[in-house]
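A.B. asks: So I've got this file, input18.cif, and it contains mmCIF, C-alpha atoms and all ligand atoms; chains and numbers go by the auth columns:
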data_run
#
loop_
_atom_site.group_PDB
_atom_site.id
_atom_site.type_symbol
_atom_site.label_atom_id
_atom_site.label_comp_id
_atom_site.label_asym_id
_atom_site.label_seq_id
_atom_site.Cartn_x
_atom_site.Cartn_y
_atom_site.Cartn_z
_atom_site.B_iso_or_equiv
_atom_site.auth_seq_id
_atom_site.auth_asym_id
ATOM 1 C CA MET A 1 -39.223 -46.946 42.215 0.00 1 O
ATOM 2 C CA LYS A 2 -36.676 -46.758 39.395 0.00 2 O
ATOM 3 C CA ASP A 3 -37.372 -50.403 38.474 0.00 3 O
ATOM 4 C CA ASN A 4 -41.053 -49.642 38.317 0.00 4 O
ATOM 5 C CA TYR A 5 -40.498 -46.942 35.669 0.00 5 O
ATOM 6 C CA LYS A 6 -37.992 -49.152 33.903 0.00 6 O
ATOM 7 C CA LYS A 7 -40.694 -51.784 33.407 0.00 7 O
ATOM 8 C CA ARG A 8 -43.281 -49.249 32.331 0.00 8 O
ATOM 9 C CA VAL A 9 -41.086 -47.586 29.707 0.00 9 O
ATOM 10 C CA ALA A 10 -39.975 -50.983 28.397 0.00 10 O
ATOM 11 C CA ALA A 11 -43.609 -52.072 28.067 0.00 11 O
ATOM 12 C CA ALA A 12 -44.521 -48.858 26.225 0.00 12 O
ATOM 13 C CA ASN A 13 -41.546 -49.316 23.881 0.00 13 O
ATOM 14 C CA LYS A 14 -42.722 -52.808 23.068 0.00 14 O
ATOM 15 C CA LYS A 15 -46.278 -51.676 22.465 0.00 15 O
ATOM 16 C CA ASN A 16 -45.166 -48.903 20.092 0.00 16 O
ATOM 17 C CA ARG A 17 -42.443 -50.808 18.294 0.00 17 O
ATOM 18 C CA LYS A 18 -44.297 -52.076 15.218 0.00 18 O
ATOM 19 C CA LYS A 19 -45.936 -48.739 14.468 0.00 19 O
ATOM 20 C CA PHE A 20 -42.675 -46.907 15.052 0.00 20 O
ATOM 21 C CA LEU A 21 -40.732 -49.073 12.606 0.00 21 O
ATOM 22 C CA LYS A 22 -43.169 -48.280 9.803 0.00 22 O
ATOM 23 C CA ILE A 23 -42.365 -44.558 9.982 0.00 23 O
ATOM 24 C CA PRO A 24 -39.566 -43.405 7.658 0.00 24 O
ATOM 25 C CA PHE A 25 -36.597 -41.508 9.084 0.00 25 O
ATOM 26 C CA ALA A 26 -37.744 -38.324 7.350 0.00 26 O
ATOM 27 C CA GLU A 27 -40.836 -38.280 9.571 0.00 27 O
ATOM 28 C CA ARG A 28 -39.051 -39.012 12.843 0.00 28 O
ATOM 29 C CA MET A 29 -37.823 -36.661 15.564 0.00 29 O
ATOM 30 C CA ILE A 30 -35.031 -37.319 18.088 0.00 30 O
ATOM 31 C CA LEU A 31 -35.098 -35.661 21.509 0.00 31 O
ATOM 32 C CA ILE A 32 -31.842 -35.493 23.453 0.00 32 O
ATOM 33 C CA PRO A 33 -31.446 -34.122 26.993 0.00 33 O
ATOM 34 C CA GLN A 34 -29.091 -31.198 27.524 0.00 34 O
ATOM 35 C CA CYS A 35 -27.413 -33.093 30.381 0.00 35 O
ATOM 36 C CA LEU A 36 -25.651 -35.242 27.776 0.00 36 O
ATOM 37 C CA ARG A 37 -23.465 -32.239 26.879 0.00 37 O
ATOM 38 C CA ASN A 38 -19.957 -31.886 28.232 0.00 38 O
ATOM 39 C CA SER A 39 -20.660 -29.250 30.876 0.00 39 O
ATOM 40 C CA LYS A 40 -17.086 -27.940 30.929 0.00 40 O
ATOM 41 C CA LYS A 41 -16.336 -27.790 27.213 0.00 41 O
ATOM 42 C CA CYS A 42 -19.676 -27.420 25.462 0.00 42 O
ATOM 43 C CA ARG A 43 -19.871 -24.579 22.944 0.00 43 O
ATOM 44 C CA ALA A 44 -23.554 -24.992 22.144 0.00 44 O
ATOM 45 C CA LYS A 45 -25.600 -21.797 22.069 0.00 45 O
ATOM 46 C CA GLU A 46 -28.712 -21.474 24.162 0.00 46 O
ATOM 47 C CA SER A 47 -31.818 -20.751 22.188 0.00 47 O
ATOM 48 C CA GLY A 48 -34.911 -20.546 24.374 0.00 48 O
ATOM 49 C CA PRO A 49 -35.806 -24.097 25.424 0.00 49 O
ATOM 50 C CA PHE A 50 -32.971 -25.679 23.384 0.00 50 O
ATOM 51 C CA PHE A 51 -29.255 -25.817 22.939 0.00 51 O
ATOM 52 C CA ILE A 52 -27.926 -25.505 19.402 0.00 52 O
ATOM 53 C CA CYS A 53 -24.927 -27.812 19.119 0.00 53 O
ATOM 54 C CA ALA A 54 -21.728 -26.282 17.748 0.00 54 O
ATOM 55 C CA ASP A 55 -20.380 -29.732 16.832 0.00 55 O
ATOM 56 C CA CYS A 56 -17.283 -29.278 19.000 0.00 56 O
ATOM 57 C CA GLY A 57 -17.067 -33.041 19.515 0.00 57 O
ATOM 58 C CA ALA A 58 -16.636 -32.863 23.285 0.00 58 O
ATOM 59 C CA CYS A 59 -19.706 -35.027 23.839 0.00 59 O
ATOM 60 C CA LYS A 60 -21.601 -37.764 22.001 0.00 60 O
ATOM 61 C CA ILE A 61 -24.220 -35.437 20.600 0.00 61 O
ATOM 62 C CA LYS A 62 -22.027 -34.537 17.614 0.00 62 O
ATOM 63 C CA LYS A 63 -21.863 -38.170 16.463 0.00 63 O
ATOM 64 C CA ILE A 64 -25.558 -38.671 17.055 0.00 64 O
ATOM 65 C CA ARG A 65 -26.427 -35.548 15.048 0.00 65 O
ATOM 66 C CA GLU A 66 -24.175 -36.618 12.190 0.00 66 O
ATOM 67 C CA LYS A 67 -25.706 -40.064 11.975 0.00 67 O
ATOM 68 C CA ALA A 68 -29.275 -38.779 12.273 0.00 68 O
ATOM 69 C CA SER A 69 -28.592 -36.243 9.569 0.00 69 O
ATOM 70 C CA ARG A 70 -27.070 -38.886 7.243 0.00 70 O
ATOM 71 C CA LEU A 71 -30.112 -41.066 7.738 0.00 71 O
ATOM 72 C CA GLY A 72 -32.398 -38.126 6.958 0.00 72 O
ATOM 73 C CA TYR A 73 -34.119 -37.644 10.294 0.00 73 O
ATOM 74 C CA LYS A 74 -36.654 -34.830 10.282 0.00 74 O
ATOM 75 C CA LYS A 75 -35.483 -33.084 13.466 0.00 75 O
ATOM 76 C CA ILE A 76 -33.132 -33.513 16.395 0.00 76 O
ATOM 77 C CA TYR A 77 -33.449 -31.290 19.439 0.00 77 O
ATOM 78 C CA ILE A 78 -31.272 -30.857 22.527 0.00 78 O
ATOM 79 C CA LEU A 79 -33.880 -30.031 25.129 0.00 79 O
ATOM 80 C CA LYS A 80 -33.485 -28.099 28.357 0.00 80 O
ATOM 81 C CA GLY A 81 -36.653 -29.773 29.633 0.00 81 O
ATOM 82 C CA GLY A 82 -39.787 -31.584 28.562 0.00 82 O
ATOM 83 C CA LYS A 83 -42.314 -28.725 28.774 0.00 83 O
ATOM 84 C CA ILE A 84 -41.621 -27.648 25.217 0.00 84 O
ATOM 85 C CA ILE A 85 -42.371 -31.087 23.722 0.00 85 O
ATOM 86 C CA PRO A 86 -46.098 -30.557 22.982 0.00 86 O
ATOM 87 C CA SER A 87 -45.417 -27.349 21.051 0.00 87 O
ATOM 88 C CA LEU A 88 -42.647 -29.090 19.092 0.00 88 O
ATOM 89 C CA PHE A 89 -45.109 -31.774 18.086 0.00 89 O
ATOM 90 C CA GLU A 90 -47.591 -29.129 16.986 0.00 90 O
ATOM 91 C CA LYS A 91 -44.953 -27.252 14.999 0.00 91 O
ATOM 92 C CA ASP A 92 -42.994 -30.103 13.383 0.00 92 O
ATOM 93 C CA LYS A 93 -45.658 -32.796 13.296 0.00 93 O
ATOM 94 C CA PRO A 94 -43.370 -35.808 13.645 0.00 94 O
ATOM 95 C CA LEU A 95 -44.970 -39.191 12.963 0.00 95 O
ATOM 96 C CA ALA A 96 -42.560 -40.984 15.323 0.00 96 O
ATOM 97 C CA VAL A 97 -40.188 -39.988 18.124 0.00 97 O
ATOM 98 C CA ILE A 98 -37.039 -41.344 19.742 0.00 98 O
ATOM 99 C CA GLY A 99 -36.310 -39.938 23.184 0.00 99 O
ATOM 100 C CA VAL A 100 -33.105 -40.292 25.175 0.00 100 O
ATOM 101 C CA ALA A 101 -33.605 -39.766 28.910 0.00 101 O
ATOM 102 C CA CYS A 102 -33.583 -41.296 32.366 0.00 102 O
ATOM 103 C CA GLU A 103 -36.481 -43.671 33.051 0.00 103 O
ATOM 104 C CA TRP A 104 -38.564 -41.042 34.843 0.00 104 O
ATOM 105 C CA GLU A 105 -38.247 -38.442 32.074 0.00 105 O
ATOM 106 C CA GLY A 106 -38.775 -41.188 29.529 0.00 106 O
ATOM 107 C CA PHE A 107 -41.988 -42.158 31.235 0.00 107 O
ATOM 108 C CA LEU A 108 -43.224 -38.547 31.125 0.00 108 O
ATOM 109 C CA GLY A 109 -42.177 -38.216 27.479 0.00 109 O
ATOM 110 C CA GLN A 110 -44.011 -41.400 26.548 0.00 110 O
ATOM 111 C CA LYS A 111 -47.146 -39.985 28.181 0.00 111 O
ATOM 112 C CA ILE A 112 -46.961 -36.850 26.052 0.00 112 O
ATOM 113 C CA CYS A 113 -46.393 -38.913 22.911 0.00 113 O
ATOM 114 C CA GLY A 114 -49.388 -41.039 23.868 0.00 114 O
ATOM 115 C CA GLU A 115 -51.553 -37.936 24.094 0.00 115 O
ATOM 116 C CA PHE A 116 -50.479 -37.004 20.557 0.00 116 O
ATOM 117 C CA LYS A 117 -50.794 -40.633 19.396 0.00 117 O
ATOM 118 C CA ILE A 118 -47.184 -40.590 18.239 0.00 118 O
ATOM 119 C CA PRO A 119 -45.338 -43.931 18.466 0.00 119 O
ATOM 120 C CA VAL A 120 -42.289 -43.334 20.631 0.00 120 O
ATOM 121 C CA GLN A 121 -39.188 -45.310 21.421 0.00 121 O
ATOM 122 C CA PHE A 122 -37.409 -44.471 24.640 0.00 122 O
ATOM 123 C CA PHE A 123 -33.658 -45.040 24.882 0.00 123 O
ATOM 124 C CA PRO A 124 -32.181 -44.926 28.410 0.00 124 O
ATOM 125 C CA LEU A 125 -29.146 -42.956 29.475 0.00 125 O
ATOM 126 C CA SER A 126 -26.389 -45.299 30.625 0.00 126 O
ATOM 127 C CA ARG A 127 -25.502 -42.792 33.365 0.00 127 O
ATOM 128 C CA ASP A 128 -28.173 -40.357 34.462 0.00 128 O
ATOM 129 C CA GLY A 129 -28.042 -37.241 36.589 0.00 129 O
ATOM 130 C CA CYS A 130 -28.325 -33.493 36.122 0.00 130 O
ATOM 131 C CA ALA A 131 -25.119 -32.986 34.105 0.00 131 O
ATOM 132 C CA ASP A 132 -22.512 -34.894 32.134 0.00 132 O
ATOM 133 C CA THR A 133 -24.713 -37.934 31.659 0.00 133 O
ATOM 134 C CA ASP A 134 -23.885 -40.692 29.215 0.00 134 O
ATOM 135 C CA VAL A 135 -25.483 -42.959 26.640 0.00 135 O
ATOM 136 C CA GLY A 136 -24.203 -46.106 24.956 0.00 136 O
ATOM 137 C CA THR A 137 -23.188 -44.547 21.651 0.00 137 O
ATOM 138 C CA ASP A 138 -22.776 -47.674 19.536 0.00 138 O
ATOM 139 C CA ALA A 139 -26.073 -49.090 20.747 0.00 139 O
ATOM 140 C CA PHE A 140 -27.868 -45.801 20.185 0.00 140 O
ATOM 141 C CA LEU A 141 -26.430 -45.240 16.701 0.00 141 O
ATOM 142 C CA LYS A 142 -27.590 -48.722 15.775 0.00 142 O
ATOM 143 C CA PHE A 143 -30.973 -48.097 17.364 0.00 143 O
ATOM 144 C CA ILE A 144 -31.688 -45.043 15.210 0.00 144 O
ATOM 145 C CA GLU A 145 -30.878 -47.033 12.044 0.00 145 O
ATOM 146 C CA GLU A 146 -33.758 -49.445 12.564 0.00 146 O
HETATM 147 S S1 LIG B . -20.796 -31.704 20.610 0.00 201 O
HETATM 148 FE FE1 LIG B . -22.346 -30.074 20.718 0.00 201 O
HETATM 149 S S2 LIG B . -23.564 -30.486 22.540 0.00 201 O
HETATM 150 FE FE2 LIG B . -21.683 -31.732 22.681 0.00 201 O
HETATM 151 S S3 LIG B . -20.291 -30.521 23.930 0.00 201 O
HETATM 152 FE FE3 LIG B . -19.893 -29.984 21.743 0.00 201 O
HETATM 153 S S4 LIG B . -21.217 -28.221 21.256 0.00 201 O
HETATM 154 FE FE4 LIG B . -21.918 -29.144 23.191 0.00 201 O
#
As structure tokens, please, write out the structure in this file.
C.D. replies:
Amino acid sequence: MKDNYKKRVAAANKKNRKKFLKIPFAERMILIPQCLRNSKKCRAKESGPFFICADCGACKIKKIREKASRLGYKKIYILKGGKIIPSLFEKDKPLAVIGVACEWEGFLGQKICGEFKIPVQFFPLSRDGCADTDVGTDAFLKFIEE
């Protein structure tokens, strides 16, 4: 089952790639799952459907936020779940999206982006689960530079 979604998200990434690369950083949004936080040390504040990072450095989100901000990304959200995504698109009107998630959530996110005709690039968690997940930081930081 997991392999099936893996293939589908990879195919959607490939299909969207050219369009995605034409969109400047200032028009792109990054969506990060809350499970990437350090569940024991995180100081982020809850704000409705999001967490607002306090940049404590106990997880990789701090580095990701810093790099995205240096590059001039339009928005970066730490999401509690995917239900809020359509209203974020309506509010912020991103022209491209990068989503970090497990394959299943990535598949659902790509579907939403497809409905909004927003080119999306999915980046998989290197360890998934409900809490304390992980992502390849170097690879992801390079990915958001392209
Ligand atoms: S860097 Fe941000 S999201 Fe990560 S553990 Fe610290 S406050 Fe939480």
A.B. asks: For ligand LIG 201 (chain O), list the contacting residues at 8 Å or closer, counting all atoms listed in the file, as number ranges by chain.
C.D. replies: O: 34, 36-39, 41-45, 51-63, 78
A.B. asks: Between CA of Ile64 (chain O) and CA of Leu108 (chain O), measure the distance and give it in Å to one decimal.
C.D. replies: 22.6 Å
A.B. asks: For this structure, which residues satisfy the selection - the PyMOL selection byres (((chain O and resi 121) around 9) and not hetatm) - when it is evaluated on the file as given? I want them as an mmCIF file with C-alpha atoms, in the frame of the given file.
C.D. replies:
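Written output follows (part_7.cif):
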data_model
loop_
_atom_site.group_PDB
_atom_site.id
_atom_site.type_symbol
_atom_site.label_atom_id
_atom_site.label_comp_id
_atom_site.auth_asym_id
_atom_site.auth_seq_id
_atom_site.Cartn_x
_atom_site.Cartn_y
_atom_site.Cartn_z
ATOM 1 C CA VAL O 9 -41.086 -47.586 29.707
ATOM 2 C CA ALA O 12 -44.521 -48.858 26.225
ATOM 3 C CA ASN O 13 -41.546 -49.316 23.881
ATOM 4 C CA LYS O 14 -42.722 -52.808 23.068
ATOM 5 C CA ASN O 16 -45.166 -48.903 20.092
ATOM 6 C CA ARG O 17 -42.443 -50.808 18.294
ATOM 7 C CA PHE O 20 -42.675 -46.907 15.052
ATOM 8 C CA ALA O 96 -42.560 -40.984 15.323
ATOM 9 C CA VAL O 97 -40.188 -39.988 18.124
ATOM 10 C CA ILE O 98 -37.039 -41.344 19.742
ATOM 11 C CA GLY O 99 -36.310 -39.938 23.184
ATOM 12 C CA VAL O 100 -33.105 -40.292 25.175
ATOM 13 C CA GLN O 110 -44.011 -41.400 26.548
ATOM 14 C CA PRO O 119 -45.338 -43.931 18.466
ATOM 15 C CA VAL O 120 -42.289 -43.334 20.631
ATOM 16 C CA PHE O 122 -37.409 -44.471 24.640
ATOM 17 C CA PHE O 123 -33.658 -45.040 24.882
#
A.B. asks: Please determine, counting all atoms listed in the file, which residue among O:Arg70, O:Ile144, O:Ile23, O:Trp104 has the shortest atom-to-atom distance to Lys7 (chain O).
C.D. replies: O:Trp104
A.B. asks: Edge lengths and centre in Å to one decimal, as AutoDock Vina command-line options, of the axis-aligned box that encloses all listed atoms of region 49-53 of chain O with 5 Å added on every side?
C.D. replies:
--center_x -30.4 --center_y -26.0 --center_z 22.3 --size_x 20.9 --size_y 13.7 --size_z 16.3
A.B. asks: Could you check how far CA of Gly72 (chain O) sits from CA of Phe25 (chain O), in Å to one decimal?
C.D. replies: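 Going from CA of Gly72 (chain O) over to CA of Phe25 (chain O) covers 5.8 Å.
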A.B. asks: I need the residue set behind the PyMOL selection byres (((chain O and resi 145) around 10) and not hetatm) for this file; please write it as a list in words.
C.D. replies: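 Residues picked by the PyMOL selection byres (((chain O and resi 145) around 10) and not hetatm): Phe25, Lys67, Ala68, Leu71, Phe140, Leu141, Lys142, Phe143, Ile144 and Glu146 of chain O.
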A.B. asks: Would you export the selected residues with C-alpha atoms as a CSV table (one decimal), keeping the file's coordinate frame, please?
C.D. replies:
chain,number,residue,atom,x,y,z
O,25,PHE,CA,-36.6,-41.5,9.1
O,67,LYS,CA,-25.7,-40.1,12.0
O,68,ALA,CA,-29.3,-38.8,12.3
O,71,LEU,CA,-30.1,-41.1,7.7
O,140,PHE,CA,-27.9,-45.8,20.2
O,141,LEU,CA,-26.4,-45.2,16.7
O,142,LYS,CA,-27.6,-48.7,15.8
O,143,PHE,CA,-31.0,-48.1,17.4
O,144,ILE,CA,-31.7,-45.0,15.2
O,146,GLU,CA,-33.8,-49.4,12.6
A.B. asks: Carefully work through the PyMOL selection byres (((chain O and resi 105) around 12) and not hetatm) for this structure and note down the residues it includes, as a PyMOL selection string.
C.D. replies: chain O and resi 2+5-6+8-9+31-33+79-83+85+99-104+106-112+122-125+128-130
A.B. asks: Nearest to Val135 (chain O): which of O:Ile118, O:Met29, O:Leu88, O:Cys35 is it, counting all atoms listed in the file?
C.D. replies: O:Cys35
A.B. asks: Between CA of Tyr77 (chain O) and CA of Cys113 (chain O), measure the distance and give it in Å to one decimal.
C.D. replies: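 CA of Cys113 (chain O) lies 15.4 Å from CA of Tyr77 (chain O).
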A.B. asks: Step by step: locate region 111-134 of chain O in the block above, keep C-alpha atoms, then write the file as a PDB file, in the first residue's frame.
C.D. replies:
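Output below, filename selection35.pdb:
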ATOM      1  CA  LYS O 111      -5.032  16.205  -4.500  1.00  0.00           C
ATOM      2  CA  ILE O 112      -5.969  19.479  -2.827  1.00  0.00           C
ATOM      3  CA  CYS O 113      -3.274  21.336  -4.757  1.00  0.00           C
ATOM      4  CA  GLY O 114      -4.595  19.762  -7.949  1.00  0.00           C
ATOM      5  CA  GLU O 115      -8.065  21.088  -7.199  1.00  0.00           C
ATOM      6  CA  PHE O 116      -6.586  24.584  -6.845  1.00  0.00           C
ATOM      7  CA  LYS O 117      -4.324  24.044  -9.881  1.00  0.00           C
ATOM      8  CA  ILE O 118      -1.278  24.833  -7.767  1.00  0.00           C
ATOM      9  CA  PRO O 119       1.938  23.020  -8.765  1.00  0.00           C
ATOM     10  CA  VAL O 120       3.102  21.123  -5.702  1.00  0.00           C
ATOM     11  CA  GLN O 121       6.265  19.317  -4.763  1.00  0.00           C
ATOM     12  CA  PHE O 122       5.985  16.678  -2.082  1.00  0.00           C
ATOM     13  CA  PHE O 123       9.006  15.935   0.103  1.00  0.00           C
ATOM     14  CA  PRO O 124       8.815  12.721   2.172  1.00  0.00           C
ATOM     15  CA  LEU O 125       9.557  12.415   5.858  1.00  0.00           C
ATOM     16  CA  SER O 126      12.552  10.151   6.417  1.00  0.00           C
ATOM     17  CA  ARG O 127      10.816   8.741   9.512  1.00  0.00           C
ATOM     18  CA  ASP O 128       7.055   9.030   9.712  1.00  0.00           C
ATOM     19  CA  GLY O 129       4.620   8.493  12.546  1.00  0.00           C
ATOM     20  CA  CYS O 130       2.409  10.585  14.799  1.00  0.00           C
ATOM     21  CA  ALA O 131       5.187  12.377  16.718  1.00  0.00           C
ATOM     22  CA  ASP O 132       8.897  13.108  16.589  1.00  0.00           C
ATOM     23  CA  THR O 133       9.187  12.353  12.894  1.00  0.00           C
ATOM     24  CA  ASP O 134      12.235  13.261  10.857  1.00  0.00           C
TER      25      ASP O 134
END
